[in-house]
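File shown: run.csv. Contents: CSV, C-alpha atoms and all ligand atoms.
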```
chain,number,residue,atom,x,y,z
M,1,MET,CA,124.2,-29.7,115.5
M,2,ARG,CA,121.6,-27.1,116.6
M,3,PRO,CA,121.3,-24.2,114.2
M,4,PHE,CA,122.1,-20.6,115.0
M,5,ILE,CA,118.9,-18.5,114.9
M,6,ALA,CA,119.0,-14.9,113.7
M,7,PRO,CA,115.7,-13.1,114.1
M,8,SER,CA,115.3,-10.3,111.5
M,9,VAL,CA,114.3,-7.0,113.1
M,10,LEU,CA,112.8,-5.9,109.7
M,11,ALA,CA,109.7,-7.6,111.0
M,12,ALA,CA,109.9,-6.0,114.5
M,13,ASP,CA,107.7,-3.1,115.6
M,14,PHE,CA,109.9,-0.1,114.8
M,15,ALA,CA,108.0,2.0,117.4
M,16,ASN,CA,109.0,-0.6,120.0
M,17,LEU,CA,112.4,-1.6,118.9
M,18,GLN,CA,113.9,-1.7,122.4
M,19,ARG,CA,111.2,-4.1,123.5
M,20,ASP,CA,111.7,-6.3,120.5
M,21,VAL,CA,115.5,-6.3,120.8
M,22,GLU,CA,115.1,-7.3,124.5
M,23,MET,CA,112.8,-10.1,123.4
M,24,ILE,CA,115.6,-11.4,121.2
M,25,ASN,CA,118.1,-11.0,124.1
M,26,GLU,CA,116.0,-13.3,126.3
M,27,SER,CA,115.6,-16.0,123.6
M,28,GLU,CA,118.0,-18.6,122.5
M,29,ALA,CA,118.8,-16.6,119.3
M,30,SER,CA,122.5,-16.3,118.5
M,31,PHE,CA,122.5,-13.2,116.4
M,32,ILE,CA,120.2,-10.2,115.5
M,33,HIS,CA,119.8,-9.9,111.8
M,34,VAL,CA,119.6,-6.3,110.6
M,35,ASP,CA,118.5,-5.6,107.0
M,36,VAL,CA,119.8,-2.4,105.4
M,37,MET,CA,118.1,-1.5,102.1
M,38,ASP,CA,118.9,1.5,99.9
M,39,GLY,CA,116.0,1.7,97.5
M,40,VAL,CA,118.5,1.2,94.6
M,41,PHE,CA,119.9,-2.4,94.9
M,42,VAL,CA,116.4,-3.4,96.1
M,43,PRO,CA,113.1,-1.7,95.6
M,44,ASN,CA,112.6,-0.8,99.2
M,45,ILE,CA,114.3,1.4,101.9
M,46,SER,CA,114.5,0.0,105.4
M,47,MET,CA,116.9,1.5,107.9
M,48,GLY,CA,120.4,3.1,108.1
M,49,MET,CA,123.1,3.8,110.6
M,50,PRO,CA,121.1,5.6,113.4
M,51,ILE,CA,118.8,2.6,113.7
M,52,VAL,CA,121.6,0.1,113.6
M,53,GLU,CA,123.4,2.0,116.3
M,54,ALA,CA,120.2,2.2,118.4
M,55,ILE,CA,119.7,-1.6,118.1
M,56,HIS,CA,123.3,-2.2,119.1
M,57,ARG,CA,122.8,-0.1,122.3
M,58,TYR,CA,120.3,-2.6,123.6
M,59,ALA,CA,121.5,-5.8,121.9
M,60,LYS,CA,123.1,-8.6,123.9
M,61,LYS,CA,123.7,-10.7,120.8
M,62,PRO,CA,126.1,-9.8,117.9
M,63,LEU,CA,124.6,-7.9,115.0
M,64,ASP,CA,124.4,-9.7,111.7
M,65,VAL,CA,124.2,-6.8,109.3
M,66,HIS,CA,122.9,-7.6,105.8
M,67,LEU,CA,123.7,-4.8,103.4
M,68,MET,CA,121.3,-4.7,100.4
M,69,ILE,CA,123.0,-1.6,99.0
M,70,VAL,CA,125.0,-0.7,95.9
M,71,ASP,CA,128.7,0.0,96.4
M,72,PRO,CA,128.8,-1.2,100.0
M,73,ASP,CA,132.6,-0.4,100.3
M,74,ARG,CA,131.6,3.2,101.0
M,75,TYR,CA,129.9,2.3,104.2
M,76,LEU,CA,131.8,-0.6,105.8
M,77,VAL,CA,133.6,1.5,108.4
M,78,ARG,CA,130.4,3.3,109.4
M,79,PHE,CA,128.5,0.0,109.9
M,80,LYS,CA,131.4,-1.4,111.9
M,81,ASP,CA,131.3,1.8,114.0
M,82,CYS,CA,127.5,1.3,114.5
M,83,GLY,CA,128.2,-2.1,116.1
M,84,ALA,CA,128.1,-4.7,113.2
M,85,ALA,CA,129.8,-8.0,114.1
M,86,HIS,CA,129.0,-9.6,110.7
M,87,ILE,CA,128.9,-7.6,107.6
M,88,THR,CA,127.3,-9.3,104.6
M,89,VAL,CA,127.5,-7.7,101.2
M,90,HIS,CA,125.7,-8.9,98.0
M,91,TYR,CA,127.7,-10.7,95.4
M,92,GLU,CA,125.7,-8.8,92.8
M,93,ALA,CA,126.6,-5.4,94.3
M,94,CYS,CA,130.4,-5.9,94.4
M,95,ASN,CA,132.8,-5.4,91.5
M,96,HIS,CA,135.8,-6.3,93.6
M,97,LEU,CA,134.5,-8.8,96.1
M,98,HIS,CA,137.9,-10.0,97.2
M,99,ARG,CA,138.9,-6.5,98.2
M,100,THR,CA,135.6,-5.9,99.9
M,101,LEU,CA,135.9,-9.0,102.0
M,102,ALA,CA,139.5,-8.2,103.0
M,103,GLU,CA,138.3,-4.8,104.1
M,104,ILE,CA,135.5,-6.3,106.3
M,105,LYS,CA,138.1,-8.6,107.9
M,106,ARG,CA,140.5,-5.7,108.4
M,107,LEU,CA,137.7,-4.1,110.4
M,108,GLU,CA,137.6,-7.3,112.5
M,109,CYS,CA,134.1,-8.3,111.4
M,110,LYS,CA,133.0,-11.6,110.0
M,111,ALA,CA,132.7,-11.3,106.2
M,112,GLY,CA,129.6,-12.5,104.5
M,113,VAL,CA,128.4,-12.8,100.9
M,114,ALA,CA,124.7,-13.0,100.0
M,115,LEU,CA,123.5,-14.6,96.8
M,116,ASN,CA,120.3,-13.6,95.1
M,117,PRO,CA,118.1,-16.5,94.1
M,118,HIS,CA,119.4,-16.4,90.5
M,119,THR,CA,123.1,-16.4,91.4
M,120,PRO,CA,124.7,-19.8,91.3
M,121,VAL,CA,126.7,-20.9,94.3
M,122,GLU,CA,129.5,-21.9,91.9
M,123,PHE,CA,130.3,-18.2,91.4
M,124,LEU,CA,132.0,-18.4,94.8
M,125,THR,CA,134.3,-21.3,93.9
M,126,ASP,CA,137.4,-19.1,93.8
M,127,ILE,CA,136.7,-17.1,96.9
M,128,ILE,CA,135.0,-19.5,99.3
M,129,GLN,CA,138.2,-19.7,101.4
M,130,ASP,CA,137.9,-16.0,102.2
M,131,VAL,CA,134.2,-16.0,103.1
M,132,ASP,CA,133.1,-16.5,106.7
M,133,LEU,CA,129.4,-16.9,105.8
M,134,VAL,CA,127.4,-17.3,102.7
M,135,CYS,CA,123.8,-16.0,102.9
M,136,ILE,CA,121.5,-17.9,100.5
M,137,MET,CA,118.6,-15.7,99.7
M,138,SER,CA,115.5,-17.9,99.6
M,139,VAL,CA,113.4,-14.9,98.5
M,140,ASN,CA,114.2,-12.0,96.3
M,141,PRO,CA,115.7,-9.4,98.7
M,142,GLY,CA,113.7,-6.3,99.5
M,143,PHE,CA,110.8,-7.3,101.6
M,144,GLY,CA,109.9,-9.5,104.6
M,145,GLY,CA,107.0,-12.0,104.6
M,146,GLN,CA,107.6,-13.4,101.1
M,147,LYS,CA,107.2,-17.0,100.0
M,148,PHE,CA,110.2,-19.3,100.3
M,149,ILE,CA,111.7,-20.4,97.0
M,150,GLU,CA,111.9,-24.2,97.0
M,151,HIS,CA,115.0,-24.3,94.7
M,152,SER,CA,117.0,-23.0,97.7
M,153,TYR,CA,117.5,-26.5,99.1
M,154,LYS,CA,119.5,-27.5,96.1
M,155,LYS,CA,121.6,-24.4,96.3
M,156,ILE,CA,122.4,-25.1,99.9
M,157,GLU,CA,123.4,-28.7,99.1
M,158,ARG,CA,125.7,-27.6,96.3
M,159,LEU,CA,127.2,-24.9,98.5
M,160,LYS,CA,127.8,-27.4,101.4
M,161,LYS,CA,129.6,-29.7,98.9
M,162,LEU,CA,131.8,-26.9,97.8
M,163,ILE,CA,132.6,-25.9,101.4
M,164,VAL,CA,133.5,-29.5,102.3
M,165,GLU,CA,135.5,-30.1,99.1
M,166,THR,CA,137.6,-27.0,99.7
M,167,GLY,CA,138.0,-27.6,103.4
M,168,SER,CA,136.8,-24.1,104.2
M,169,SER,CA,135.0,-23.2,107.5
M,170,THR,CA,132.4,-21.0,105.8
M,171,GLN,CA,128.9,-21.1,107.4
M,172,ILE,CA,125.7,-21.3,105.5
M,173,GLU,CA,122.9,-18.8,106.3
M,174,VAL,CA,119.4,-19.0,104.8
M,175,ASP,CA,117.3,-15.8,104.6
M,176,GLY,CA,113.7,-15.4,103.5
M,177,GLY,CA,110.5,-17.3,104.2
M,178,VAL,CA,112.1,-19.5,106.9
M,179,SER,CA,109.6,-21.3,109.2
M,180,LEU,CA,109.3,-24.3,111.4
M,181,GLU,CA,107.9,-26.1,108.3
M,182,ASN,CA,111.0,-25.7,106.1
M,183,ALA,CA,113.7,-25.5,108.8
M,184,PRO,CA,114.3,-29.3,109.2
M,185,LEU,CA,115.0,-29.7,105.5
M,186,LEU,CA,117.1,-26.6,105.4
M,187,LEU,CA,119.3,-28.0,108.2
M,188,GLN,CA,119.4,-31.4,106.5
M,189,SER,CA,120.6,-29.6,103.3
M,190,GLY,CA,123.5,-28.0,105.2
M,191,ALA,CA,122.3,-24.7,106.7
M,192,ASP,CA,124.0,-23.5,109.8
M,193,ILE,CA,122.2,-20.1,110.5
M,194,LEU,CA,118.4,-19.6,110.0
M,195,VAL,CA,117.2,-16.0,109.6
M,196,ALA,CA,113.5,-15.5,110.3
M,197,GLY,CA,111.5,-12.3,110.5
M,198,ASN,CA,107.7,-12.6,110.0
M,199,PHE,CA,107.5,-16.2,111.3
M,200,ILE,CA,109.0,-15.0,114.6
M,201,PHE,CA,107.4,-11.6,115.0
M,202,THR,CA,103.9,-12.5,114.0
M,203,SER,CA,103.7,-15.5,116.2
M,204,LYS,CA,101.9,-15.3,119.6
M,205,ASN,CA,105.0,-16.0,121.6
M,206,PRO,CA,108.1,-14.8,119.7
M,207,ILE,CA,110.6,-16.1,122.3
M,208,GLU,CA,109.0,-19.6,122.2
M,209,THR,CA,109.1,-19.5,118.4
M,210,VAL,CA,112.8,-18.6,118.4
M,211,ASN,CA,113.5,-21.4,120.9
M,212,LYS,CA,111.4,-23.9,118.8
M,213,LEU,CA,113.5,-23.1,115.7
M,214,LYS,CA,116.7,-23.5,117.7
M,215,ASN,CA,115.7,-26.9,119.1
M,216,ILE,CA,114.1,-28.3,116.0
M,217,ALA,CA,116.5,-31.3,115.3
M,301,LIG,C1,114.7,-9.8,102.8
M,301,LIG,C2,115.5,-9.7,104.1
M,301,LIG,C3,115.2,-10.8,105.1
M,301,LIG,C4,113.8,-10.6,105.7
M,301,LIG,C5,113.3,-12.0,106.1
M,301,LIG,O1,115.1,-8.9,101.9
M,301,LIG,O2,116.9,-9.9,103.8
M,301,LIG,O3,116.1,-10.8,106.1
M,301,LIG,O4,113.8,-9.8,106.8
M,301,LIG,O5,112.0,-11.9,106.5
M,301,LIG,P1,111.0,-13.1,106.5
M,301,LIG,O6,111.5,-14.2,107.4
M,301,LIG,O7,109.7,-12.5,106.9
M,301,LIG,O8,111.0,-13.6,105.0
M,302,ZN,ZN,118.3,-10.3,105.4
```
Please re-express this file's structure in structure tokens.
Amino acid sequence: MRPFIAPSVLAADFANLQRDVEMINESEASFIHVDVMDGVFVPNISMGMPIVEAIHRYAKKPLDVHLMIVDPDRYLVRFKDCGAAHITVHYEACNHLHRTLAEIKRLECKAGVALNPHTPVEFLTDIIQDVDLVCIMSVNPGFGGQKFIEHSYKKIERLKKLIVETGSSTQIEVDGGVSLENAPLLLQSGADILVAGNFIFTSKNPIETVNKLKNIA
């Protein structure tokens, strides 16, 4: 199956966001990945609701909103109102993950859980049936353009096994350092959605780069 591609606008030109969102619209991307960082959960601050809302105004693809923030429950309704289709929270930022996921679903969004590189996929064993997507962080969250962590392949394989064993329909997303070089093995390991920021936006022809990732198999 061809992967879903989610370009990360963290690597876009924020002074030309409309242009870059329109580039994604014209490509074979399935989602627009939007990274929200609070400077507390991660050592960086990226964008908040006004920017997400502005992206949504021009987006023709669903917004895949990745919340790298503490206590995300406080903002779920606001991100839904800004146009999020997927809301992904961090396992490490939620004390009551089951409740948080239920709230995201009540808002009629797809509920995602992101795992930092040090968090084992087995921590999701008792909740996998309630998760629409798991985002495997293949870098430490906080910045674009970092080096892909090779151990991620093994995590994806173990997560895929867990999903198959439990008969759940959870999708596997990979986020961080994704390129045409590691994409084939990521898909082989079980990934469904590839997030890519710098690899797309620093390339000469970003639309072509998205389409190459999409048609890699
Ligand atoms: C990292 C973010 C990623 C980032 C990916 O904290 O969650 O979505 O934008 O960027 P690249 O593809 O450049 O590693
Ligand atoms: Zn992300």
Throw together the list of residues within 8 Å of ligand ZN 302 (chain M), counting all atoms listed in the file, and drop it here as a ChimeraX atom specification. /M:8,33-35,65-67,137,141,175-176,195
Surroundings of ligand LIG 301 (chain M) up to 6 Å, based on only C-alpha atoms and all ligand atoms, as a VMD selection string: chain M and resid 8 10 35 141 to 146 175 to 178 196 to 199
Taking only C-alpha atoms into account, which of M:Asp73, M:Asp81, M:Glu173, M:Glu208 comes nearest Met49 (chain M)? M:Asp81
Write out as a list in words which residues come within 10 Å of Leu101 (chain M) when counting all atoms listed in the file, dropping same-chain ones fewer than 5 positions away.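 Counting all atoms listed in the file, the residues come to Asp73, Ile87, Thr88, Val89, Cys94, His96, Arg106, Leu107, Cys109, Lys110, Ala111, Gly112, Val113, Ile127, Asp130, Val131 and Asp132 of chain M.
Shortest separation to His118 (chain M) among M:Val134, M:Ile149, M:Val77, M:Ile51 occurs at residue M:Ile149, atoms counted being all atoms listed in the file.
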Of the candidates M:His56, M:Lys61, M:Lys204, M:His98, which shows the shortest atom-to-atom distance to Phe79 (chain M), using only C-alpha atoms? M:His56
What separates CA of Ser138 (chain M) and CA of Val174 (chain M) is a distance of 6.6 Å
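For the pair CA of Arg2 (chain M) and CA of Ile193 (chain M), the interatomic distance is 9.3 Å.
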Excluding Gly190 (chain M) and residues on its chain fewer than 3 positions from it, collect all residues at most 8 Å away from it, counting only C-alpha atoms, and give them as a count of residues only. 6
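What separates CA of Leu63 (chain M) from CA of Phe31 (chain M) is a distance of 5.9 Å.
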